[in-house]
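Down below is the structure, laid out as structure tokens.
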Amino acid sequence: MKVLVVAGARPNFMKVAPVLAALAREGHRAVLVHTGQHYDASMSDAFFADLGLPQPDHHLGVGSASHAVQTARVMETFEPVLREEAPDWVVVVGDVNSTLACSLVAAKLRPELGCRIAHVEAGLRSGDWRMPEEVNRVLTDRLSDLLLTPSRDAHPNLAAEGIDPARVVFVGNVMIDSLFAQLPAARALDVPRTLGVERGRYAVVTLHRPSNVDDADALSAVFGALEKVAGDLPVVFPLHPRTRARAEEFGLLDGLARVRTTLPLGYREMVSLVDGSAVVLTDSGGLQEETTALGIPCVTLREQTERPVTVAQGTNRLAPWPLAADGVYRAFRGALARGRCAAGSVVEGWDGHAAERIAAALAEAAPGAALAGAGAAAAGG
Ligand code: UD1
């Protein structure tokens with residue numbers, strides 16, 4: 001079985017690494033395509049090194065642009081690669097523009113090449129169509145032959161959209177495979193000590209959603225909250241390039257006088273930092289999951305979450321919406337009072353073995369094996 005695996009942006013790399021390793025262990029041929037959506041050393045190369053990812057077989061070098069241009073560039077450059085490789089499977093992960101772009105190309109070439117599309121992290125829904133990620137998720141799921149879900153709550157979402165349950169396989173959360181695999185090395189790095197903060201006595205913040213950082217009022221409200229939090233606990237805030245650029249543009253960086261800002265961290269550094277923290281405040285999807293797996297209280301700076309299992313588990317709470325300095329600060333105090341829970345395999349399938357189940361699901365549904373959804377897709381269903 002030949003499997004082409006697509007990675008484009010930072011949150012993809014920790015999802016593809018365990019999948020590539022599991023495919024190799026099972027003796028399958030894997031081809032890695034990096035679209036280049038993220039390209040900075042800190043957003044891409046550091047992750048390849050930390051996760052032991054092989055050099056990509058193809059680098060599309062698309063870079064940053066508007067959504068339309070970025071998506072179109074991935075499509076244009078991916079099409080000849082897909083024709084050349086003609087794999088049995090195209091595996092896409094997550095919800096970034098590269099995920100949708102490659103799925104679209106593969107769907108159009110599917111009748112000619114006979115390749116199938118598998119989506120890892122299928123079925124998550126925020127219900128918020130203003131988020132580019134929601135558009136990417138829904139459309140990628142619609143185009144996929146095999147929908148591999150990270151949590152059981154994804155299944156009713158897919159059923160509600162009329163997706164044939166025969167195409168849907170629960171595999172668990174592959175991001176947690178990387179987390180558990182890298183945790184010992186991350187702990188050994190002891191990033192809290194390097195940064196001069198005491199384990200269990202600081203907060204970590206990440207922020208990059210356009211709805212939070214592209215709006216001066218929203219960004220200013222969050223920064224106001226962080227200054228209050230910093231009065232109680234040291235705050236470490238690795239700044240996403242988009243967030244740094246907007247904060248500079250709005251003249252808000254000086255408002256973070258008490259907050260410890262850093263450049264984006266590598267994967268192990270970030271795991272080390274989060275693992276030692278008392279509380280995480282974030283608008284990232286991945287961090288909601290990682291804190292749940294580690295038992296760390298998390299405040300999510302979003303109106304809704306496509307990862308409700310993290311809330312059901314008790315580690316994650318949404319900050320009051322719309323975000324305001326007082327509301328975010330109160331949510332932080334609540335999280336601090338909740339404290340850490342016992343870490344471990346808290347959610348079904350978040351056990352470090354999702355990639356093995358993904359490789360098995362691909363092999364079972366490989367060309368030649370009957371796949372219920374393929375007929376419906378071919379019939380335009
Ligand atoms: C993308 C994903 C988002 C994911 C996030 C993680 C989409 C629609 N969004 O959002 O789901 O959570 O990545 O980071 O795909 N930039 C750099 N260097 C880089 C990459 C980006 O400086 O290596 C800057 C560019 O100025 C760019 C901005 O960051 O305009 C935003 O990057 P982009 O990939 O367009 O979207 P993200 O906001 O990172």
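Chain labels run A, B, ... following the order of the structure tokens; each chain numbers its residues from 1, and ligands are numbered from 1 in the order shown.
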Can you work out which residues are within 9 Å of ligand 1, considering only C-alpha atoms and all ligand atoms, and then hand them over as number ranges by chain? A: 8-12, 36-44, 63-67, 70-71, 94-100, 131-136, 208-210, 240-243, 245, 283-286
For segment 358-360 of chain A, please output as a short mmCIF file (atom, residue, chain, number, x, y, z; two decimals) with N, CA, C and O atoms, in the first residue's frame all residues within 8 Å (counting only C-alpha atoms; exclusion window: fewer than 3 positions along the same chain).
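Everything below was put into out_25.cif:
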data_model
loop_
_atom_site.label_atom_id
_atom_site.label_comp_id
_atom_site.auth_asym_id
_atom_site.auth_seq_id
_atom_site.Cartn_x
_atom_site.Cartn_y
_atom_site.Cartn_z
N VAL A 19 1.78 8.84 12.35
CA VAL A 19 1.18 8.10 11.23
C VAL A 19 2.28 7.56 10.32
O VAL A 19 2.28 6.38 9.93
N ALA A 22 3.98 4.66 12.05
CA ALA A 22 3.16 3.43 12.07
C ALA A 22 3.13 2.78 10.69
O ALA A 22 3.20 1.55 10.56
N LEU A 23 3.05 3.60 9.63
CA LEU A 23 3.04 3.04 8.27
C LEU A 23 4.36 2.33 7.99
O LEU A 23 4.38 1.24 7.41
N GLU A 26 4.60 -1.04 9.60
CA GLU A 26 3.76 -2.05 8.93
C GLU A 26 4.26 -2.37 7.52
O GLU A 26 3.62 -3.13 6.79
N LEU A 148 -11.59 9.42 9.85
CA LEU A 148 -10.96 8.85 11.05
C LEU A 148 -11.15 9.84 12.19
O LEU A 148 -10.61 10.95 12.15
N VAL A 171 -10.67 6.24 15.70
CA VAL A 171 -9.28 5.80 15.90
C VAL A 171 -8.64 6.44 17.13
O VAL A 171 -7.58 6.02 17.57
N ALA A 354 -3.14 5.81 18.60
CA ALA A 354 -4.08 6.13 17.51
C ALA A 354 -3.47 5.85 16.14
O ALA A 354 -4.17 5.39 15.23
N ALA A 355 -2.18 6.11 15.98
CA ALA A 355 -1.56 5.93 14.66
C ALA A 355 -1.60 4.48 14.21
O ALA A 355 -1.77 4.19 13.02
N ALA A 363 -5.28 0.08 5.85
CA ALA A 363 -5.01 -1.23 5.22
C ALA A 363 -6.32 -1.98 4.98
O ALA A 363 -6.52 -2.58 3.93
N GLU A 364 -7.23 -1.89 5.94
CA GLU A 364 -8.51 -2.60 5.81
C GLU A 364 -9.35 -2.05 4.68
O GLU A 364 -10.09 -2.78 4.03
#
Measuring between only C-alpha atoms, which one of A:His58, A:Gly123, A:Asp214, A:Leu195 shows the shortest distance to Thr262 of chain A? A:Leu195
Skipping near chain neighbours, those fewer than 4 positions away, what residues fall within 9 Å of segment 272-277 of chain A using only C-alpha atoms, listed as a list in words?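 The neighbour list is Leu183, Ala185, Ala186, Arg187, Ala188, Leu189, Asp190, Val191, Pro192, Glu198, Arg199, Gly200, Arg201, Tyr202, Ala203, Val204, Val236, Tyr267, Arg268, Leu287, Glu290, Thr291, Leu294 and Ile296 of chain A.
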Identify which of the residues A:Arg244, A:Arg258, A:His119, A:Arg307 lies closest to Thr140 of chain A, counting only C-alpha atoms when measuring atom-to-atom distances. A:His119
Mind listing the helix (DSSP H, G or I) residues of segment 95-258 of chain A, per DSSP on the backbone, as a PyMOL selection string? chain A and resi 97-113+132-143+154-160+165-167+174-189+191-195+210-213+216-229+241-249+253-256
Quick one: distance from atom CA of Arg29 of chain A to atom CA of Val90 of chain A in Å, one decimal?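 Atom-to-atom, atom CA of Arg29 of chain A and atom CA of Val90 of chain A are spaced 12.1 Å apart.
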Neighbours of Pro308 of chain A within 12 Å (only C-alpha atoms; same-chain residues fewer than 2 positions away dropped), as a list of chain:residue names?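 The neighbour list is A:Leu124, A:Arg125, A:Ser126, A:Gly127, A:Pro150, A:Ser151, A:Arg152, A:Asp153, A:Ala154, A:Asn157, A:Gly285, A:Gln288, A:Glu289, A:Thr292, A:Thr300, A:Gln304, A:Thr305, A:Glu306, A:Thr310, A:Val311, A:Ala312, A:Gln313, A:Gly314, A:Thr315, A:Asn316, A:Arg317, A:Leu318, A:Val347.
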Written file, previous selection with N, CA, C and O atoms, as a short mmCIF file (atom, residue, chain, number, x, y, z; two decimals), in the first residue's frame:
data_model
loop_
_atom_site.label_atom_id
_atom_site.label_comp_id
_atom_site.auth_asym_id
_atom_site.auth_seq_id
_atom_site.Cartn_x
_atom_site.Cartn_y
_atom_site.Cartn_z
N LEU A 124 -14.96 16.92 13.72
CA LEU A 124 -15.02 17.99 14.73
C LEU A 124 -15.80 19.17 14.14
O LEU A 124 -15.62 19.52 12.98
N ARG A 125 -16.66 19.76 14.93
CA ARG A 125 -17.47 20.88 14.45
C ARG A 125 -17.61 21.95 15.53
O ARG A 125 -17.98 21.64 16.66
N SER A 126 -17.32 23.20 15.15
CA SER A 126 -17.58 24.31 16.08
C SER A 126 -18.96 24.88 15.83
O SER A 126 -19.51 25.58 16.68
N GLY A 127 -19.50 24.65 14.62
CA GLY A 127 -20.77 25.26 14.24
C GLY A 127 -20.61 26.72 13.84
O GLY A 127 -21.59 27.39 13.53
N PRO A 150 -11.26 11.45 16.14
CA PRO A 150 -10.43 11.47 17.35
C PRO A 150 -11.23 11.22 18.62
O PRO A 150 -10.65 10.90 19.66
N SER A 151 -12.54 11.43 18.57
CA SER A 151 -13.37 11.28 19.78
C SER A 151 -14.78 10.90 19.33
O SER A 151 -15.20 11.19 18.21
N ARG A 152 -15.51 10.25 20.23
CA ARG A 152 -16.84 9.72 19.87
C ARG A 152 -17.82 10.83 19.52
O ARG A 152 -18.78 10.60 18.79
N ASP A 153 -17.60 12.05 20.09
CA ASP A 153 -18.57 13.11 19.83
C ASP A 153 -18.57 13.55 18.37
O ASP A 153 -19.48 14.26 17.92
N ALA A 154 -17.56 13.13 17.59
CA ALA A 154 -17.53 13.47 16.17
C ALA A 154 -18.59 12.70 15.38
O ALA A 154 -19.06 13.17 14.34
N ASN A 157 -22.01 14.31 14.72
CA ASN A 157 -21.83 15.45 13.80
C ASN A 157 -21.85 14.98 12.35
O ASN A 157 -22.46 15.59 11.48
N GLY A 285 -6.71 24.82 19.15
CA GLY A 285 -7.43 23.56 19.31
C GLY A 285 -6.55 22.50 19.95
O GLY A 285 -6.95 21.80 20.87
N GLN A 288 -6.03 22.67 23.75
CA GLN A 288 -7.18 22.21 24.55
C GLN A 288 -7.06 20.69 24.77
O GLN A 288 -7.40 20.17 25.83
N GLU A 289 -6.57 20.00 23.73
CA GLU A 289 -6.44 18.54 23.83
C GLU A 289 -5.23 18.15 24.68
O GLU A 289 -5.31 17.25 25.52
N THR A 292 -5.83 18.58 28.31
CA THR A 292 -6.73 17.53 28.82
C THR A 292 -5.94 16.25 29.08
O THR A 292 -6.09 15.62 30.13
N THR A 300 -10.25 28.43 27.48
CA THR A 300 -10.25 28.59 26.03
C THR A 300 -10.85 29.94 25.66
O THR A 300 -11.98 30.26 26.04
N GLN A 304 -16.82 29.21 21.12
CA GLN A 304 -17.26 27.82 21.17
C GLN A 304 -16.05 26.93 20.89
O GLN A 304 -15.00 27.41 20.47
N THR A 305 -16.21 25.63 21.15
CA THR A 305 -15.10 24.73 20.85
C THR A 305 -15.60 23.56 20.03
O THR A 305 -16.71 23.07 20.27
N GLU A 306 -14.77 23.14 19.07
CA GLU A 306 -15.09 21.93 18.31
C GLU A 306 -14.58 20.69 19.04
O GLU A 306 -14.66 19.59 18.53
N THR A 310 -13.11 17.92 25.74
CA THR A 310 -12.16 18.50 26.71
C THR A 310 -12.90 19.23 27.83
O THR A 310 -12.41 19.30 28.95
N VAL A 311 -14.09 19.76 27.50
CA VAL A 311 -14.92 20.43 28.51
C VAL A 311 -15.60 19.37 29.37
O VAL A 311 -15.62 19.46 30.60
N ALA A 312 -16.14 18.33 28.71
CA ALA A 312 -16.81 17.25 29.45
C ALA A 312 -15.83 16.61 30.44
O ALA A 312 -16.20 16.20 31.54
N GLN A 313 -14.58 16.54 30.05
CA GLN A 313 -13.57 15.92 30.88
C GLN A 313 -13.27 16.74 32.14
O GLN A 313 -12.76 16.23 33.12
N GLY A 314 -13.58 18.04 32.06
CA GLY A 314 -13.43 18.88 33.25
C GLY A 314 -12.18 19.73 33.26
O GLY A 314 -12.04 20.61 34.11
N THR A 315 -11.26 19.51 32.33
CA THR A 315 -10.03 20.31 32.31
C THR A 315 -10.24 21.66 31.64
O THR A 315 -9.58 22.64 31.97
N ASN A 316 -11.14 21.72 30.66
CA ASN A 316 -11.26 22.91 29.82
C ASN A 316 -12.57 23.66 30.07
O ASN A 316 -13.61 23.03 30.24
N ARG A 317 -12.50 24.98 30.09
CA ARG A 317 -13.70 25.82 30.17
C ARG A 317 -13.55 26.95 29.16
O ARG A 317 -12.45 27.46 28.97
N LEU A 318 -14.68 27.36 28.59
CA LEU A 318 -14.65 28.53 27.71
C LEU A 318 -14.70 29.80 28.55
O LEU A 318 -15.47 29.87 29.51
N VAL A 347 -9.32 10.31 28.02
CA VAL A 347 -10.41 10.20 27.04
C VAL A 347 -10.18 8.92 26.24
O VAL A 347 -9.04 8.59 25.91
#
Excluding Ala106 of chain A and its own-chain neighbours fewer than 5 positions away, which residues fall within 12 Å of it when counting only C-alpha atoms? Please give them as a CSV table (one decimal) with N, CA, C and O atoms, in the first residue's frame.
chain,number,residue,atom,x,y,z
A,4,LEU,N,0.3,8.6,0.5
A,4,LEU,CA,0.8,10.0,0.5
A,4,LEU,C,0.2,10.8,1.7
A,4,LEU,O,-1.0,10.8,1.8
A,5,VAL,N,1.1,11.3,2.5
A,5,VAL,CA,0.7,12.1,3.7
A,5,VAL,C,1.0,13.5,3.5
A,5,VAL,O,2.1,13.9,3.1
A,6,VAL,N,0.0,14.4,3.8
A,6,VAL,CA,0.1,15.8,3.6
A,6,VAL,C,0.3,16.5,4.9
A,6,VAL,O,-0.4,16.3,5.9
A,74,VAL,N,-1.6,25.8,-3.3
A,74,VAL,CA,-1.4,24.4,-2.9
A,74,VAL,C,-2.0,23.5,-3.9
A,74,VAL,O,-1.4,22.5,-4.4
A,75,MET,N,-3.2,23.8,-4.4
A,75,MET,CA,-3.9,23.0,-5.4
A,75,MET,C,-3.0,22.9,-6.7
A,75,MET,O,-2.8,21.8,-7.2
A,76,GLU,N,-2.6,24.0,-7.2
A,76,GLU,CA,-1.8,24.0,-8.4
A,76,GLU,C,-0.5,23.2,-8.3
A,76,GLU,O,-0.1,22.5,-9.2
A,78,PHE,N,0.1,20.9,-6.0
A,78,PHE,CA,-0.1,19.5,-5.5
A,78,PHE,C,-0.5,18.6,-6.6
A,78,PHE,O,-0.1,17.4,-6.6
A,79,GLU,N,-1.2,19.1,-7.6
A,79,GLU,CA,-1.8,18.2,-8.6
A,79,GLU,C,-0.7,17.4,-9.4
A,79,GLU,O,-0.8,16.2,-9.5
A,80,PRO,N,0.4,18.1,-9.9
A,80,PRO,CA,1.4,17.2,-10.6
A,80,PRO,C,2.1,16.2,-9.6
A,80,PRO,O,2.4,15.1,-10.1
A,81,VAL,N,2.2,16.6,-8.3
A,81,VAL,CA,2.8,15.6,-7.4
A,81,VAL,C,1.9,14.4,-7.2
A,81,VAL,O,2.4,13.3,-7.2
A,82,LEU,N,0.6,14.7,-7.1
A,82,LEU,CA,-0.3,13.5,-6.9
A,82,LEU,C,-0.3,12.6,-8.2
A,82,LEU,O,-0.3,11.4,-8.1
A,83,ARG,N,-0.3,13.3,-9.3
A,83,ARG,CA,-0.2,12.5,-10.6
A,83,ARG,C,1.1,11.6,-10.6
A,83,ARG,O,1.0,10.4,-11.0
A,85,GLU,N,3.0,10.6,-8.1
A,85,GLU,CA,3.1,9.6,-7.1
A,85,GLU,C,2.0,8.5,-7.2
A,85,GLU,O,2.2,7.4,-6.8
A,86,ALA,N,0.8,8.9,-7.7
A,86,ALA,CA,-0.3,8.0,-7.8
A,86,ALA,C,-0.5,7.0,-6.6
A,86,ALA,O,-0.4,5.8,-6.8
A,87,PRO,N,-0.7,7.5,-5.4
A,87,PRO,CA,-0.7,6.6,-4.3
A,87,PRO,C,-2.1,5.9,-4.2
A,87,PRO,O,-3.0,6.3,-4.9
A,88,ASP,N,-2.2,4.9,-3.3
A,88,ASP,CA,-3.4,4.3,-3.0
A,88,ASP,C,-4.3,5.2,-2.1
A,88,ASP,O,-5.5,5.3,-2.2
A,89,TRP,N,-3.6,5.9,-1.2
A,89,TRP,CA,-4.3,6.8,-0.2
A,89,TRP,C,-3.6,8.2,-0.2
A,89,TRP,O,-2.4,8.3,-0.3
A,90,VAL,N,-4.5,9.2,-0.1
A,90,VAL,CA,-4.0,10.6,0.3
A,90,VAL,C,-4.5,10.8,1.7
A,90,VAL,O,-5.7,10.8,1.9
A,91,VAL,N,-3.6,11.0,2.6
A,91,VAL,CA,-4.0,11.2,4.0
A,91,VAL,C,-3.8,12.7,4.3
A,91,VAL,O,-2.7,13.2,4.2
A,92,VAL,N,-4.9,13.3,4.7
A,92,VAL,CA,-4.8,14.7,5.2
A,92,VAL,C,-5.2,14.8,6.6
A,92,VAL,O,-6.0,14.0,7.1
A,99,THR,N,-5.1,21.2,4.1
A,99,THR,CA,-6.0,20.0,4.2
A,99,THR,C,-7.0,20.0,3.2
A,99,THR,O,-7.2,19.0,2.5
A,100,LEU,N,-7.7,21.1,3.1
A,100,LEU,CA,-8.8,21.2,2.1
A,100,LEU,C,-8.3,21.2,0.7
A,100,LEU,O,-8.8,20.5,-0.2
A,101,ALA,N,-7.2,22.0,0.4
A,101,ALA,CA,-6.7,22.1,-0.9
A,101,ALA,C,-6.3,20.8,-1.5
A,101,ALA,O,-6.7,20.4,-2.6
A,111,PRO,N,-11.2,9.6,-9.7
A,111,PRO,CA,-11.7,8.6,-10.7
A,111,PRO,C,-10.6,8.2,-11.6
A,111,PRO,O,-10.5,7.0,-12.1
A,112,GLU,N,-9.6,9.1,-12.0
A,112,GLU,CA,-8.6,8.8,-12.9
A,112,GLU,C,-7.5,7.9,-12.3
A,112,GLU,O,-7.0,7.0,-12.8
A,113,LEU,N,-7.1,8.3,-11.0
A,113,LEU,CA,-5.9,7.6,-10.4
A,113,LEU,C,-6.3,6.5,-9.5
A,113,LEU,O,-5.5,5.7,-9.1
A,114,GLY,N,-7.6,6.5,-9.1
A,114,GLY,CA,-8.0,5.4,-8.2
A,114,GLY,C,-7.5,5.6,-6.7
A,114,GLY,O,-7.6,4.7,-5.9
A,115,CYS,N,-7.1,6.8,-6.4
A,115,CYS,CA,-6.6,7.1,-5.1
A,115,CYS,C,-7.8,7.4,-4.2
A,115,CYS,O,-8.9,7.8,-4.6
A,116,ARG,N,-7.7,7.1,-2.9
A,116,ARG,CA,-8.7,7.4,-1.9
A,116,ARG,C,-8.2,8.5,-0.9
A,116,ARG,O,-7.0,8.6,-0.7
A,117,ILE,N,-9.2,9.1,-0.3
A,117,ILE,CA,-8.8,10.2,0.6
A,117,ILE,C,-9.2,9.8,2.0
A,117,ILE,O,-10.3,9.3,2.3
A,118,ALA,N,-8.3,9.9,3.0
A,118,ALA,CA,-8.6,9.7,4.4
A,118,ALA,C,-8.3,11.0,5.2
A,118,ALA,O,-7.3,11.6,5.0
A,119,HIS,N,-9.3,11.3,6.0
A,119,HIS,CA,-9.1,12.5,6.8
A,119,HIS,C,-8.9,12.1,8.3
A,119,HIS,O,-9.8,11.5,8.9
A,140,THR,N,-13.7,19.0,3.8
A,140,THR,CA,-12.7,17.9,3.7
A,140,THR,C,-13.5,16.6,4.1
A,140,THR,O,-13.3,15.6,3.4
A,143,LEU,N,-15.5,15.3,1.2
A,143,LEU,CA,-14.7,14.8,0.1
A,143,LEU,C,-14.0,13.5,0.4
A,143,LEU,O,-13.5,12.8,-0.5
A,144,SER,N,-14.0,13.1,1.7
A,144,SER,CA,-13.1,11.9,2.1
A,144,SER,C,-13.9,10.6,2.0
A,144,SER,O,-15.1,10.5,2.2
A,145,ASP,N,-13.1,9.6,1.6
A,145,ASP,CA,-13.6,8.2,1.6
A,145,ASP,C,-13.6,7.6,3.0
A,145,ASP,O,-14.5,6.8,3.3
Just the number, please: distance in Å from atom CA of Gly295 of chain A to atom CA of Arg340 of chain A, one decimal.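 Spanning atom CA of Gly295 of chain A to atom CA of Arg340 of chain A is a straight-line distance of 5.4 Å.
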If you count only C-alpha atoms, which residues fall within 6 Å of Thr282 of chain A, apart from same-chain ones fewer than 6 positions away, as a PyMOL selection string? chain A and resi 205-207+300-301
Could you check which of A:Gly349, A:Gly334, A:Gly251, A:Gly266 is closest to Val229 of chain A, using only C-alpha atoms?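 The answer is A:Gly334, which sits nearest to Val229 of chain A.
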Find, counting only C-alpha atoms, the residue in A:Val299, A:Tyr329, A:Gly352, A:Asp128 that gets nearest to Gly231 of chain A. A:Tyr329
Measuring between only C-alpha atoms, which one of A:Leu32, A:Val197, A:Ala247, A:Val174 shows the shortest distance to Arg260 of chain A? A:Val197
Go ahead and compute the interatomic distance for atom CA of Val346 of chain A and atom CA of Phe13 of chain A, in Å to one decimal.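 Taking atom CA of Val346 of chain A as the start and atom CA of Phe13 of chain A as the end point, the length is 23.0 Å.
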